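Everything on this sheet refers to the single structure shown next.
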Amino acid sequence: MSNLVPEGWSENKIGEVASVFAGGTPSRSIPSYYDGSIPWVKSGEVNARKIYSTSEHISELAVKETSAKWAPAGSVLVAMYGATAGKVSKLMIHATLNQAVSAINCHSEIAYNDYLLQAIEFNTEELLNTVQGSGQPNLSGQLIKGLSLLFPPLPEQQKIAAILTSMDDVIEKTQAQIDKLKDLKSGMMQELLTKGVGIKQGDKYEPHTEFKDSPVGRIPKSWEVKPLNSVVLKIIDCEHKTAPYVDKSEYLVVRTSNVRHGELVLDDMKYTHADGYAEWTNRAIPSLGDVLFTREAPAGESCLVPENTKVCMGQRMVLLRPDANVIFSNFFSLFLTSEAASCAIYERSIGTTVSRINIEDIKRIPCIVPPLSEQQEISKAIQSVQNSILNKQEKLQSLKNTKKALMQDLLTGKVRVKV
């Protein structure tokens, strides 16, 4: 925390202005502990901004005989460890907590819960940096109590909290819209990749009436199923070593962690220099229309190569170049993310802890091949929903950036609010 404290503000440790306590986990070996209706919050649930319900419940007996504790509605919850460590939520109901969740409640004459939630989130990185070691960070009640934060007078805290909470509400609604669009896309893919749009009759498509069983499930009778190696022009496996990494540049090194759910994930992207790019693309330069496919960790994730992007592959990545005379790139990419393709890939994968698939098995993945005109119509319908998702995601990122800037201004006193 900075030594610069704005006029009229104070710097206090959380333990000086609020109570902090963690919950407990009743023994799973006693079924009666989980035969009740009392909400019980787990650390994974402290990923939602507001918690209205819980996936598990415990009994009055569990509260009486174990360290599971009640937390009042309005409490600020902090995940102590696990994948959500450092995340904060507002508890909207009376509930109990497990041992990986701490509840914080301000002394009303000093601090305000909604402000504290925002202040902790703003200082999450500092909180996590106090944890020594690597891997998943484990926080403690003492670490939370010892975190120093800036506190303006209560009326100013309430105004700042109201501004930032309003941003949270818009972010939450936008995320909900994205989730609904993703559900719509998933449903459309299941429908269109099994039933198609139909047979073209003039300007219209008449639904398919005849279907057949296939290696990827029931499909229209006029569709074909071909092994993957017969619908692509190239299958290129990345070398066992990767291009040298440098600071951010225009040359992306795509690793398996960068390909998820049909999209290229830019988080934690690695980069290489021009020489590294030239060396690692000497067999083929990934270009628009190509599909990047993960061979391991996990097996079977894929995405299209983005437009105007210079990409080379990291370890365990495979480049697939569709044959445009047989299958359109967009349709091929959609199919590889479908339920039918996932099942086919899973059947051919090996490994228990880390799934992987070898090149020969990739070649044998069965692919549905409708007529090209129908492939195009299916792709257009699904892409229209995907475009809506991308627009909402851009809006969401803009909202998050705006909130981050507001937090920097308001929670440090750089910009003072009028009360």
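We label chains A, B, ... in the order they appear in the structure tokens, count residues from 1 in each chain, and number ligands from 1 in the order shown.
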As a PyMOL selection string, please: the residues near range 101-111 of chain A (cut-off 6 Å, only C-alpha atoms, same-chain neighbours under 5 positions excluded). chain A and resi 17-22+43+75-80
Create the file for the chosen residues now, containing all heavy atoms and written as a tab-separated table (two decimals), in the first residue's frame.
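Result went into part_26.tsv, see below:
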chain	number	residue	atom	x	y	z
A	17	VAL	N	-10.73	-3.05	11.07
A	17	VAL	CA	-12.03	-2.44	10.75
A	17	VAL	C	-13.13	-3.47	10.52
A	17	VAL	O	-14.29	-3.11	10.31
A	17	VAL	CB	-11.93	-1.55	9.50
A	17	VAL	CG1	-10.92	-0.43	9.71
A	17	VAL	CG2	-11.58	-2.37	8.26
A	18	ALA	N	-12.78	-4.76	10.59
A	18	ALA	CA	-13.78	-5.78	10.28
A	18	ALA	C	-13.47	-7.09	11.00
A	18	ALA	O	-12.34	-7.34	11.42
A	18	ALA	CB	-13.82	-6.04	8.77
A	19	SER	N	-14.50	-7.91	11.14
A	19	SER	CA	-14.30	-9.27	11.66
A	19	SER	C	-14.05	-10.21	10.48
A	19	SER	O	-14.61	-10.04	9.41
A	19	SER	CB	-15.54	-9.73	12.43
A	19	SER	OG	-16.67	-9.79	11.56
A	20	VAL	N	-13.18	-11.17	10.69
A	20	VAL	CA	-12.82	-12.13	9.65
A	20	VAL	C	-12.88	-13.54	10.24
A	20	VAL	O	-12.26	-13.80	11.27
A	20	VAL	CB	-11.40	-11.86	9.09
A	20	VAL	CG1	-11.07	-12.88	7.99
A	20	VAL	CG2	-11.28	-10.43	8.56
A	21	PHE	N	-13.62	-14.42	9.60
A	21	PHE	CA	-13.62	-15.81	10.07
A	21	PHE	C	-13.85	-16.74	8.88
A	21	PHE	O	-14.47	-16.37	7.88
A	21	PHE	CB	-14.69	-16.05	11.14
A	21	PHE	CG	-16.10	-15.91	10.65
A	21	PHE	CD1	-16.78	-17.00	10.11
A	21	PHE	CD2	-16.77	-14.69	10.74
A	21	PHE	CE1	-18.09	-16.87	9.67
A	21	PHE	CE2	-18.08	-14.55	10.30
A	21	PHE	CZ	-18.74	-15.65	9.75
A	22	ALA	N	-13.32	-17.95	8.98
A	22	ALA	CA	-13.50	-18.97	7.95
A	22	ALA	C	-14.52	-20.00	8.42
A	22	ALA	O	-14.85	-20.07	9.61
A	22	ALA	CB	-12.17	-19.65	7.63
A	43	SER	N	-15.47	-22.79	-2.02
A	43	SER	CA	-14.59	-21.78	-2.62
A	43	SER	C	-14.83	-21.60	-4.11
A	43	SER	O	-14.72	-20.49	-4.63
A	43	SER	CB	-13.13	-22.14	-2.37
A	43	SER	OG	-12.80	-23.39	-2.94
A	75	SER	N	-22.34	-10.30	3.77
A	75	SER	CA	-20.93	-10.55	4.07
A	75	SER	C	-20.10	-10.51	2.79
A	75	SER	O	-20.55	-10.88	1.71
A	75	SER	CB	-20.75	-11.93	4.72
A	75	SER	OG	-21.41	-12.02	5.95
A	76	VAL	N	-18.85	-10.06	2.93
A	76	VAL	CA	-17.87	-10.15	1.85
A	76	VAL	C	-17.17	-11.50	1.99
A	76	VAL	O	-16.64	-11.81	3.06
A	76	VAL	CB	-16.84	-9.01	1.93
A	76	VAL	CG1	-15.79	-9.16	0.83
A	76	VAL	CG2	-17.54	-7.66	1.82
A	77	LEU	N	-17.21	-12.30	0.94
A	77	LEU	CA	-16.56	-13.61	0.97
A	77	LEU	C	-15.28	-13.58	0.16
A	77	LEU	O	-15.22	-13.01	-0.92
A	77	LEU	CB	-17.49	-14.70	0.41
A	77	LEU	CG	-18.86	-14.86	1.08
A	77	LEU	CD1	-19.57	-16.07	0.51
A	77	LEU	CD2	-18.72	-14.98	2.60
A	78	VAL	N	-14.24	-14.23	0.69
A	78	VAL	CA	-12.96	-14.35	-0.01
A	78	VAL	C	-12.60	-15.83	-0.10
A	78	VAL	O	-12.62	-16.54	0.91
A	78	VAL	CB	-11.84	-13.59	0.73
A	78	VAL	CG1	-10.52	-13.72	-0.02
A	78	VAL	CG2	-12.20	-12.12	0.91
A	79	ALA	N	-12.28	-16.29	-1.31
A	79	ALA	CA	-11.82	-17.67	-1.49
A	79	ALA	C	-10.38	-17.76	-1.01
A	79	ALA	O	-9.53	-16.98	-1.41
A	79	ALA	CB	-11.92	-18.07	-2.95
A	80	MET	N	-10.11	-18.72	-0.15
A	80	MET	CA	-8.81	-18.81	0.49
A	80	MET	C	-7.79	-19.60	-0.32
A	80	MET	O	-6.60	-19.31	-0.30
A	80	MET	CB	-8.96	-19.48	1.87
A	80	MET	CG	-9.99	-18.79	2.75
A	80	MET	SD	-9.45	-17.16	3.24
A	80	MET	CE	-8.30	-17.62	4.52
Mind checking which residues fall within 6 Å of Val253 in chain A, counting only C-alpha atoms, ignoring those fewer than 5 positions away in the same chain, and posting them as a list in words? Lys270, Tyr271, Cys312, Met313 and Gly314 of chain A
Would you save the residues of that selection, restricted to N, CA and C atoms, as an mmCIF file, in the first residue's frame?
data_model
loop_
_atom_site.group_PDB
_atom_site.id
_atom_site.type_symbol
_atom_site.label_atom_id
_atom_site.label_comp_id
_atom_site.auth_asym_id
_atom_site.auth_seq_id
_atom_site.Cartn_x
_atom_site.Cartn_y
_atom_site.Cartn_z
ATOM 1 N N LYS A 270 2.656 -16.658 -26.061
ATOM 2 C CA LYS A 270 4.094 -16.521 -26.216
ATOM 3 C C LYS A 270 4.401 -15.998 -27.620
ATOM 4 N N TYR A 271 5.580 -15.403 -27.776
ATOM 5 C CA TYR A 271 5.970 -14.792 -29.045
ATOM 6 C C TYR A 271 7.387 -15.209 -29.418
ATOM 7 N N CYS A 312 2.950 -19.358 -35.552
ATOM 8 C CA CYS A 312 3.642 -20.641 -35.673
ATOM 9 C C CYS A 312 3.220 -21.503 -34.486
ATOM 10 N N MET A 313 3.430 -22.782 -34.596
ATOM 11 C CA MET A 313 2.883 -23.706 -33.622
ATOM 12 C C MET A 313 3.894 -24.078 -32.555
ATOM 13 N N GLY A 314 3.398 -24.216 -31.340
ATOM 14 C CA GLY A 314 4.206 -24.724 -30.251
ATOM 15 C C GLY A 314 4.138 -26.241 -30.222
#
Return as a ChimeraX atom specification the full set of residues in range 181-372 of chain A whose backbone-based DSSP assignment is strand (DSSP E or B). /A:199-201,204-206,211-212,219-220,224-227,232-237,246,251-254,259-260,263-264,270-272,291-294,296,302-304,310-313,317-322,350,356,366-369
If we count only C-alpha atoms and set the cut-off at 10 Å, which residues sit around range 202-211 of chain A, ignoring sequence neighbours fewer than 3 positions away in its own chain? Please answer as a VMD selection string. chain A and resid 194 to 199 214 218 to 223 374 377
Selection to disk with N, CA, C and O atoms, as a PDB file, in the first residue's frame:
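For reference, result29.pdb as written:
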ATOM      1  N   THR A 194     -26.546 -32.327 -37.157  1.00  0.00           N
ATOM      2  CA  THR A 194     -27.157 -33.661 -37.188  1.00  0.00           C
ATOM      3  C   THR A 194     -28.353 -33.707 -38.145  1.00  0.00           C
ATOM      4  O   THR A 194     -28.645 -34.756 -38.716  1.00  0.00           O
ATOM      5  N   LYS A 195     -29.012 -32.570 -38.341  1.00  0.00           N
ATOM      6  CA  LYS A 195     -30.200 -32.537 -39.216  1.00  0.00           C
ATOM      7  C   LYS A 195     -30.024 -31.633 -40.429  1.00  0.00           C
ATOM      8  O   LYS A 195     -30.803 -31.711 -41.379  1.00  0.00           O
ATOM      9  N   GLY A 196     -29.006 -30.742 -40.386  1.00  0.00           N
ATOM     10  CA  GLY A 196     -28.745 -29.866 -41.514  1.00  0.00           C
ATOM     11  C   GLY A 196     -29.812 -28.806 -41.700  1.00  0.00           C
ATOM     12  O   GLY A 196     -30.694 -28.625 -40.855  1.00  0.00           O
ATOM     13  N   VAL A 197     -29.722 -28.087 -42.827  1.00  0.00           N
ATOM     14  CA  VAL A 197     -30.732 -27.071 -43.147  1.00  0.00           C
ATOM     15  C   VAL A 197     -31.730 -27.599 -44.166  1.00  0.00           C
ATOM     16  O   VAL A 197     -32.773 -27.004 -44.398  1.00  0.00           O
ATOM     17  N   GLY A 198     -31.393 -28.733 -44.811  1.00  0.00           N
ATOM     18  CA  GLY A 198     -32.318 -29.339 -45.758  1.00  0.00           C
ATOM     19  C   GLY A 198     -31.794 -29.371 -47.179  1.00  0.00           C
ATOM     20  O   GLY A 198     -30.649 -29.004 -47.463  1.00  0.00           O
ATOM     21  N   ILE A 199     -32.654 -29.787 -48.083  1.00  0.00           N
ATOM     22  CA  ILE A 199     -32.319 -29.882 -49.508  1.00  0.00           C
ATOM     23  C   ILE A 199     -32.840 -28.642 -50.211  1.00  0.00           C
ATOM     24  O   ILE A 199     -34.010 -28.277 -50.049  1.00  0.00           O
ATOM     25  N   SER A 214     -24.514 -43.509 -38.788  1.00  0.00           N
ATOM     26  CA  SER A 214     -23.145 -43.307 -39.261  1.00  0.00           C
ATOM     27  C   SER A 214     -22.192 -43.423 -38.080  1.00  0.00           C
ATOM     28  O   SER A 214     -22.631 -43.478 -36.925  1.00  0.00           O
ATOM     29  N   ARG A 218     -26.658 -40.324 -36.118  1.00  0.00           N
ATOM     30  CA  ARG A 218     -27.670 -40.293 -37.184  1.00  0.00           C
ATOM     31  C   ARG A 218     -27.577 -38.971 -37.941  1.00  0.00           C
ATOM     32  O   ARG A 218     -27.602 -37.898 -37.347  1.00  0.00           O
ATOM     33  N   ILE A 219     -27.486 -39.066 -39.267  1.00  0.00           N
ATOM     34  CA  ILE A 219     -27.311 -37.890 -40.128  1.00  0.00           C
ATOM     35  C   ILE A 219     -28.195 -38.034 -41.362  1.00  0.00           C
ATOM     36  O   ILE A 219     -28.668 -39.129 -41.674  1.00  0.00           O
ATOM     37  N   PRO A 220     -28.429 -36.931 -42.089  1.00  0.00           N
ATOM     38  CA  PRO A 220     -29.200 -37.023 -43.338  1.00  0.00           C
ATOM     39  C   PRO A 220     -28.594 -38.027 -44.319  1.00  0.00           C
ATOM     40  O   PRO A 220     -27.376 -38.171 -44.399  1.00  0.00           O
ATOM     41  N   LYS A 221     -29.459 -38.716 -45.049  1.00  0.00           N
ATOM     42  CA  LYS A 221     -29.022 -39.788 -45.943  1.00  0.00           C
ATOM     43  C   LYS A 221     -28.086 -39.286 -47.036  1.00  0.00           C
ATOM     44  O   LYS A 221     -27.211 -40.023 -47.508  1.00  0.00           O
ATOM     45  N   SER A 222     -28.246 -38.005 -47.442  1.00  0.00           N
ATOM     46  CA  SER A 222     -27.433 -37.468 -48.541  1.00  0.00           C
ATOM     47  C   SER A 222     -26.034 -37.047 -48.093  1.00  0.00           C
ATOM     48  O   SER A 222     -25.190 -36.732 -48.933  1.00  0.00           O
ATOM     49  N   TRP A 223     -25.775 -37.040 -46.786  1.00  0.00           N
ATOM     50  CA  TRP A 223     -24.457 -36.637 -46.298  1.00  0.00           C
ATOM     51  C   TRP A 223     -23.481 -37.815 -46.364  1.00  0.00           C
ATOM     52  O   TRP A 223     -23.876 -38.982 -46.307  1.00  0.00           O
ATOM     53  N   GLU A 374     -24.802 -26.777 -48.563  1.00  0.00           N
ATOM     54  CA  GLU A 374     -25.407 -26.912 -47.237  1.00  0.00           C
ATOM     55  C   GLU A 374     -24.388 -26.606 -46.144  1.00  0.00           C
ATOM     56  O   GLU A 374     -24.725 -26.021 -45.108  1.00  0.00           O
ATOM     57  N   GLU A 377     -24.474 -22.876 -45.750  1.00  0.00           N
ATOM     58  CA  GLU A 377     -25.645 -22.366 -45.035  1.00  0.00           C
ATOM     59  C   GLU A 377     -25.555 -22.655 -43.539  1.00  0.00           C
ATOM     60  O   GLU A 377     -25.904 -21.813 -42.706  1.00  0.00           O
TER      61      GLU A 377
END
Near range 58-72 of chain A, counting only C-alpha atoms, which residues have an atom at most 8 Å away, once you skip same-chain residues fewer than 2 positions from it, shown as a count of residues only? 26
Determine the nearest neighbour of Lys404 in chain A from the options A:Ser249, A:Asn123, A:Gln315, A:Ser148, counting only C-alpha atoms.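 That would be A:Asn123, the residue with the smallest distance to Lys404 in chain A.
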Name the residues in contact with Ala119 in chain A at a cut-off of 9 Å, using only C-alpha atoms, excluding same-chain residues fewer than 2 positions from it; report them as a PyMOL selection string. chain A and resi 114-117+121-124+149-151+407+411
Selection to disk with N, CA, C and O atoms, as an mmCIF file, in the first residue's frame:
data_model
loop_
_atom_site.group_PDB
_atom_site.id
_atom_site.type_symbol
_atom_site.label_atom_id
_atom_site.label_comp_id
_atom_site.auth_asym_id
_atom_site.auth_seq_id
_atom_site.Cartn_x
_atom_site.Cartn_y
_atom_site.Cartn_z
ATOM 1 N N ASP A 114 -19.661 -3.047 1.097
ATOM 2 C CA ASP A 114 -19.579 -2.981 -0.364
ATOM 3 C C ASP A 114 -18.303 -2.276 -0.823
ATOM 4 O O ASP A 114 -17.728 -2.625 -1.862
ATOM 5 N N TYR A 115 -17.866 -1.292 -0.053
ATOM 6 C CA TYR A 115 -16.600 -0.629 -0.379
ATOM 7 C C TYR A 115 -15.439 -1.589 -0.145
ATOM 8 O O TYR A 115 -14.519 -1.681 -0.964
ATOM 9 N N LEU A 116 -15.497 -2.324 0.963
ATOM 10 C CA LEU A 116 -14.419 -3.249 1.294
ATOM 11 C C LEU A 116 -14.266 -4.311 0.207
ATOM 12 O O LEU A 116 -13.144 -4.677 -0.166
ATOM 13 N N LEU A 117 -15.390 -4.804 -0.316
ATOM 14 C CA LEU A 117 -15.336 -5.802 -1.383
ATOM 15 C C LEU A 117 -14.539 -5.263 -2.576
ATOM 16 O O LEU A 117 -13.663 -5.946 -3.118
ATOM 17 N N GLU A 121 -10.761 -6.497 -3.937
ATOM 18 C CA GLU A 121 -10.563 -6.906 -5.327
ATOM 19 C C GLU A 121 -9.446 -6.081 -5.978
ATOM 20 O O GLU A 121 -8.608 -6.622 -6.699
ATOM 21 N N PHE A 122 -9.416 -4.801 -5.711
ATOM 22 C CA PHE A 122 -8.401 -3.925 -6.279
ATOM 23 C C PHE A 122 -7.002 -4.309 -5.798
ATOM 24 O O PHE A 122 -6.013 -4.124 -6.502
ATOM 25 N N ASN A 123 -6.939 -4.873 -4.605
ATOM 26 C CA ASN A 123 -5.643 -5.231 -4.016
ATOM 27 C C ASN A 123 -5.395 -6.747 -3.985
ATOM 28 O O ASN A 123 -4.525 -7.210 -3.242
ATOM 29 N N THR A 124 -6.150 -7.487 -4.798
ATOM 30 C CA THR A 124 -6.008 -8.945 -4.800
ATOM 31 C C THR A 124 -4.588 -9.377 -5.142
ATOM 32 O O THR A 124 -4.028 -10.290 -4.528
ATOM 33 N N LEU A 149 -5.574 -1.293 3.649
ATOM 34 C CA LEU A 149 -6.380 -0.646 2.609
ATOM 35 C C LEU A 149 -6.622 0.809 2.963
ATOM 36 O O LEU A 149 -6.506 1.205 4.128
ATOM 37 N N LEU A 150 -6.967 1.594 1.954
ATOM 38 C CA LEU A 150 -7.316 2.998 2.174
ATOM 39 C C LEU A 150 -8.818 3.123 2.392
ATOM 40 O O LEU A 150 -9.612 2.536 1.648
ATOM 41 N N PHE A 151 -9.201 3.905 3.414
ATOM 42 C CA PHE A 151 -10.613 4.088 3.732
ATOM 43 C C PHE A 151 -10.953 5.571 3.786
ATOM 44 O O PHE A 151 -10.464 6.293 4.667
ATOM 45 N N MET A 407 -11.542 2.047 -10.688
ATOM 46 C CA MET A 407 -11.002 1.583 -9.406
ATOM 47 C C MET A 407 -9.675 2.277 -9.106
ATOM 48 O O MET A 407 -9.433 2.689 -7.965
ATOM 49 N N LEU A 411 -10.421 4.358 -5.781
ATOM 50 C CA LEU A 411 -9.965 3.656 -4.583
ATOM 51 C C LEU A 411 -8.616 4.122 -4.086
ATOM 52 O O LEU A 411 -8.128 3.696 -3.036
#
Val231 in chain A environment, 9 Å, only C-alpha atoms, sequence neighbours closer than 4 positions dropped, as a compact mmCIF listing (two decimals) with C-alpha atoms, in the first residue's frame:
# COMPACT_ATOMS: atom_id res chain seq x y z
CA LYS A 226 -15.09 -39.39 -44.58
CA PRO A 227 -11.85 -39.91 -42.61
CA ARG A 321 -5.40 -27.52 -44.08
CA PRO A 322 -8.91 -28.33 -45.38
CA ASP A 323 -9.47 -29.20 -49.03
CA ALA A 324 -11.86 -26.48 -50.23
CA ASN A 325 -13.21 -28.80 -52.91
CA VAL A 326 -14.48 -31.15 -50.21
CA ILE A 327 -15.09 -29.17 -47.03
CA PHE A 332 -14.67 -28.12 -40.77
CA CYS A 367 -15.91 -36.15 -40.48
CA VAL A 369 -19.41 -33.97 -45.26
Between CA of Leu228 in chain A and CA of Tyr346 in chain A lies a distance of 15.0 Å
Interatomic distance (Å, one decimal) between CA of Lys363 in chain A and CA of Leu334 in chain A: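 Taking CA of Lys363 in chain A and CA of Leu334 in chain A, their separation equals 17.4 Å.
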Distance CA of Val216 in chain A-CA of Ala340 in chain A, one decimal place?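 Between CA of Val216 in chain A and CA of Ala340 in chain A the gap is 5.5 Å.
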